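First up is the structure itself, then whatever we jot down about it.
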Amino acid sequence: MITRIALRLLGLFAIAFLGVVAALYFFQRSLIYPVPEPDSSVPAGFEAVSYTTSDGLELEAGYRAPREGMPTLLFFHGNGVDWQTTSFTTELAVAEGYGVLAAEYRGYGVNPGEPSEQGLYKDGRAALDWLLARKVQPSDIVLVGNSLGSGVATELATQIDPRALVLVAPFKSMAATAANTYPWAPVDWLLHDRFDNIAKIGKVAAPVLVVHGEMDELIPLPHASELARAAASTELVTLPGLAHNMAGTDEAQVPKLRFLRALAN
């Protein structure tokens, strides 16, 4: 009798577990890309611009021209926000004269399409090509990726030789991040979009800065440490007391400016 009840409970547990795993599989992109409500506003100092991806999507993003002779930050934001938030994550750089192309993804804001790893790479390339078409040289482009955006920025840094690659709260891979969040699930088997930064960063020739909060629970600090060790030329800055959503703080922005000033000397 006890064995029968135990087997029945075990069977119910297995069914429930498989149901949860199936939900993770079928709804994974909703979890990876929690798109916020559309925002058509344009922050002060920025202008709305658009560019077309290689698969035919016209995307709206934001742009702020640099002061003459200054580089431009090509900024890729995290997964639960939009390009408009770049206005406050780049405040200190803008005050110093840097330009900003606040890139946007398919399916975010007013943009068509559905986000995916390969889709975001196409979106990032279209943003980069928009700058190159305006005669901005790769040596005057700083690729910046925050959280999810680290995957896009790292991919692009393997395609061109930018002035620098700056990663804020980055992950070593989406599979490792998902394993942190769902340690009980076979995420490596389930995951479509992998954003394998750790496999790519060693191919980046440009100087790399990694900035990470020491209290980050979503993407733990070892992700940043492993990325820094894997890159050819890297500076790692860890921020005591700061968690994941710290890109807009002065503590996160100041190391970026210090790093970029050093490159200019």
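Letters A, B, ... mark the chains of the structure tokens in the order given; residue numbers begin at 1 per chain; ligand numbers begin at 1, in order shown.
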Filtered DSSP result for range 68-255 of chain A, state strand (DSSP E), as an MDAnalysis selection string: chainID A and resid 72:76 99:102 141:146 164:168 208:213 234:239
Expected file: the selected residues, C-alpha atoms, as a PDB file, in the first residue's frame:
ATOM      1  CA  THR A  72      30.534  57.324 -30.105  1.00  0.00           C
ATOM      2  CA  LEU A  73      29.158  54.713 -27.728  1.00  0.00           C
ATOM      3  CA  LEU A  74      27.102  52.059 -29.499  1.00  0.00           C
ATOM      4  CA  PHE A  75      25.025  50.995 -26.515  1.00  0.00           C
ATOM      5  CA  PHE A  76      23.004  47.761 -26.230  1.00  0.00           C
ATOM      6  CA  GLY A  99      28.123  60.493 -28.786  1.00  0.00           C
ATOM      7  CA  VAL A 100      25.590  57.708 -28.237  1.00  0.00           C
ATOM      8  CA  LEU A 101      23.699  55.436 -30.592  1.00  0.00           C
ATOM      9  CA  ALA A 102      21.153  53.840 -28.286  1.00  0.00           C
ATOM     10  CA  ILE A 141      33.196  53.338 -31.836  1.00  0.00           C
ATOM     11  CA  VAL A 142      32.986  51.984 -28.298  1.00  0.00           C
ATOM     12  CA  LEU A 143      30.757  48.915 -28.100  1.00  0.00           C
ATOM     13  CA  VAL A 144      28.861  48.857 -24.796  1.00  0.00           C
ATOM     14  CA  GLY A 145      26.629  45.993 -23.681  1.00  0.00           C
ATOM     15  CA  ASN A 146      24.606  45.891 -20.488  1.00  0.00           C
ATOM     16  CA  ALA A 164      36.963  49.275 -26.947  1.00  0.00           C
ATOM     17  CA  LEU A 165      34.390  46.791 -25.688  1.00  0.00           C
ATOM     18  CA  VAL A 166      32.682  47.666 -22.402  1.00  0.00           C
ATOM     19  CA  LEU A 167      30.537  45.022 -20.690  1.00  0.00           C
ATOM     20  CA  VAL A 168      28.323  45.996 -17.767  1.00  0.00           C
ATOM     21  CA  VAL A 208      37.885  45.172 -22.842  1.00  0.00           C
ATOM     22  CA  LEU A 209      36.404  46.612 -19.654  1.00  0.00           C
ATOM     23  CA  VAL A 210      34.120  44.451 -17.492  1.00  0.00           C
ATOM     24  CA  VAL A 211      32.104  46.176 -14.759  1.00  0.00           C
ATOM     25  CA  HIS A 212      30.090  44.027 -12.363  1.00  0.00           C
ATOM     26  CA  GLY A 213      28.230  44.441  -9.082  1.00  0.00           C
ATOM     27  CA  THR A 234      40.881  43.185 -19.992  1.00  0.00           C
ATOM     28  CA  GLU A 235      40.267  45.362 -16.984  1.00  0.00           C
ATOM     29  CA  LEU A 236      37.803  44.024 -14.409  1.00  0.00           C
ATOM     30  CA  VAL A 237      36.077  46.453 -12.031  1.00  0.00           C
ATOM     31  CA  THR A 238      33.857  45.015  -9.301  1.00  0.00           C
ATOM     32  CA  LEU A 239      31.501  47.265  -7.360  1.00  0.00           C
TER      33      LEU A 239
END
For range 106-116 of chain A: contacts at 8 Å, only C-alpha atoms, fewer than 5 positions along chain excluded, given as a list in words: Arg29, Tyr33, Val35, Pro36, Glu37, Pro38, Asp39, Ser40, Leu57, Glu58, Leu59, Glu60, Asp82, Asp123 and Asp193 of chain A
Per-residue DSSP, range 27-208 of chain A, filtered to alpha helix (DSSP H), as a ChimeraX atom specification: /A:28-32,86-89,91-95,117-133,149-157,174-181,187-190,197-200
Considering only C-alpha atoms, return as an mmCIF file with N, CA and C atoms, in the first residue's frame whatever protein or nucleic-acid residues lie within 6 Å of range 129-140 of chain A, sequence-local ones (same chain, fewer than 5 positions apart) excluded.
data_model
loop_
_atom_site.group_PDB
_atom_site.id
_atom_site.type_symbol
_atom_site.label_atom_id
_atom_site.label_comp_id
_atom_site.auth_asym_id
_atom_site.auth_seq_id
_atom_site.Cartn_x
_atom_site.Cartn_y
_atom_site.Cartn_z
ATOM 1 N N PRO A 71 34.617 60.037 -29.596
ATOM 2 C CA PRO A 71 34.048 58.754 -30.049
ATOM 3 C C PRO A 71 32.541 58.669 -29.784
ATOM 4 N N PRO A 162 36.846 47.688 -32.754
ATOM 5 C CA PRO A 162 36.388 48.960 -32.194
ATOM 6 C C PRO A 162 37.456 49.581 -31.297
ATOM 7 N N ARG A 163 37.186 50.790 -30.834
ATOM 8 C CA ARG A 163 38.109 51.405 -29.873
ATOM 9 C C ARG A 163 38.156 50.580 -28.598
#
All residues 6 Å or closer to Thr89 in chain A, only C-alpha atoms, same chain fewer than 3 positions away omitted, as number ranges by chain: A: 86, 247-248
Computed interatomic separation between CA of Thr90 in chain A and CA of Gln253 in chain A (Å):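 Between CA of Thr90 in chain A and CA of Gln253 in chain A the gap works out to 7.3 Å.
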Who sits within 8 Å of Ala205 in chain A, only C-alpha atoms, same chain under 4 positions skipped, as a ChimeraX atom specification: /A:158,161,232-233
Restricted to N, CA and C atoms, what would the selected residues look like written as a PDB file, in the first residue's frame?
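Result written to out.pdb:
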ATOM      1  N   THR A 158      33.750  40.866 -32.315  1.00  0.00           N
ATOM      2  CA  THR A 158      34.498  39.853 -33.061  1.00  0.00           C
ATOM      3  C   THR A 158      34.470  40.129 -34.562  1.00  0.00           C
ATOM      4  N   ASP A 161      37.110  45.972 -35.357  1.00  0.00           N
ATOM      5  CA  ASP A 161      38.108  46.320 -34.353  1.00  0.00           C
ATOM      6  C   ASP A 161      37.725  47.678 -33.759  1.00  0.00           C
ATOM      7  N   ALA A 232      41.755  38.838 -24.117  1.00  0.00           N
ATOM      8  CA  ALA A 232      43.186  39.065 -24.307  1.00  0.00           C
ATOM      9  C   ALA A 232      43.691  40.270 -23.524  1.00  0.00           C
ATOM     10  N   SER A 233      42.898  41.338 -23.491  1.00  0.00           N
ATOM     11  CA  SER A 233      43.315  42.569 -22.823  1.00  0.00           C
ATOM     12  C   SER A 233      42.131  43.136 -22.070  1.00  0.00           C
TER      13      SER A 233
END
Length of the CA of Thr53 in chain A to CA of Leu120 in chain A vector [Å]: 9.8 Å
Of the listed residues A:Leu156, A:Ala44, A:Ile32, A:Arg125, that which approaches Glu91 in chain A most closely, counting only C-alpha atoms: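 Counting only C-alpha atoms, the residue closest to Glu91 in chain A is A:Ala44.
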Residue contacts of Pro222 in chain A (10 Å, only C-alpha atoms) excluding same-chain residues fewer than 3 positions away, as a ChimeraX atom specification: /A:171-172,212,214,219,225-228
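CA of Ala126 in chain A sits 13.8 Å away from CA of Tyr63 in chain A.
Neighbours of Ala179 in chain A closer than or equal to 12 Å, with only C-alpha atoms counted and sequence neighbours fewer than 4 positions away skipped, come out as A:Phe171, A:Lys172, A:Ser173, A:Met174, A:Ala175, A:Pro183, A:Trp184, A:Ala185, A:Pro186, A:Val187, A:Asp188, A:Trp189, A:Leu190, A:Leu191, A:Arg194, A:Leu218, A:Ile219, A:Pro220.
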Pull N, CA and C atoms from the residues just selected and write them as a compact mmCIF listing (two decimals), in the first residue's frame.
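Below you can see out.txt, which holds the result:
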# COMPACT_ATOMS: atom_id res chain seq x y z
N PHE A 171 27.03 38.34 -18.75
CA PHE A 171 27.02 36.91 -18.45
C PHE A 171 28.05 36.20 -19.32
N LYS A 172 28.54 35.06 -18.84
CA LYS A 172 29.46 34.30 -19.69
C LYS A 172 28.71 33.57 -20.79
N SER A 173 27.48 33.20 -20.54
CA SER A 173 26.62 32.62 -21.57
C SER A 173 25.19 32.63 -21.03
N MET A 174 24.22 32.59 -21.94
CA MET A 174 22.84 32.52 -21.51
C MET A 174 22.55 31.19 -20.83
N ALA A 175 23.21 30.12 -21.28
CA ALA A 175 23.01 28.81 -20.66
C ALA A 175 23.45 28.84 -19.20
N PRO A 183 18.45 25.88 -11.47
CA PRO A 183 19.48 24.84 -11.31
C PRO A 183 18.93 23.42 -11.40
N TRP A 184 17.62 23.28 -11.25
CA TRP A 184 16.99 21.96 -11.25
C TRP A 184 16.55 21.53 -12.66
N ALA A 185 16.65 22.42 -13.63
CA ALA A 185 16.14 22.12 -14.98
C ALA A 185 17.29 21.84 -15.94
N PRO A 186 17.07 20.99 -16.93
CA PRO A 186 18.12 20.69 -17.93
C PRO A 186 18.21 21.80 -18.97
N VAL A 187 18.56 23.01 -18.53
CA VAL A 187 18.49 24.18 -19.40
C VAL A 187 19.42 24.08 -20.61
N ASP A 188 20.52 23.38 -20.47
CA ASP A 188 21.44 23.27 -21.60
C ASP A 188 20.80 22.54 -22.77
N TRP A 189 19.88 21.65 -22.48
CA TRP A 189 19.17 20.93 -23.53
C TRP A 189 18.02 21.77 -24.10
N LEU A 190 17.47 22.64 -23.28
CA LEU A 190 16.23 23.34 -23.64
C LEU A 190 16.46 24.63 -24.42
N LEU A 191 17.61 25.24 -24.23
CA LEU A 191 17.82 26.63 -24.63
C LEU A 191 18.03 26.79 -26.13
N ARG A 194 21.71 31.21 -27.00
CA ARG A 194 22.80 30.85 -26.09
C ARG A 194 23.75 32.00 -25.76
N LEU A 218 21.38 37.85 -10.05
CA LEU A 218 20.88 37.34 -11.33
C LEU A 218 22.02 36.78 -12.16
N ILE A 219 23.12 37.55 -12.25
CA ILE A 219 24.32 37.09 -12.95
C ILE A 219 25.47 37.21 -11.96
N PRO A 220 25.81 36.15 -11.27
CA PRO A 220 26.82 36.23 -10.21
C PRO A 220 28.19 36.69 -10.71
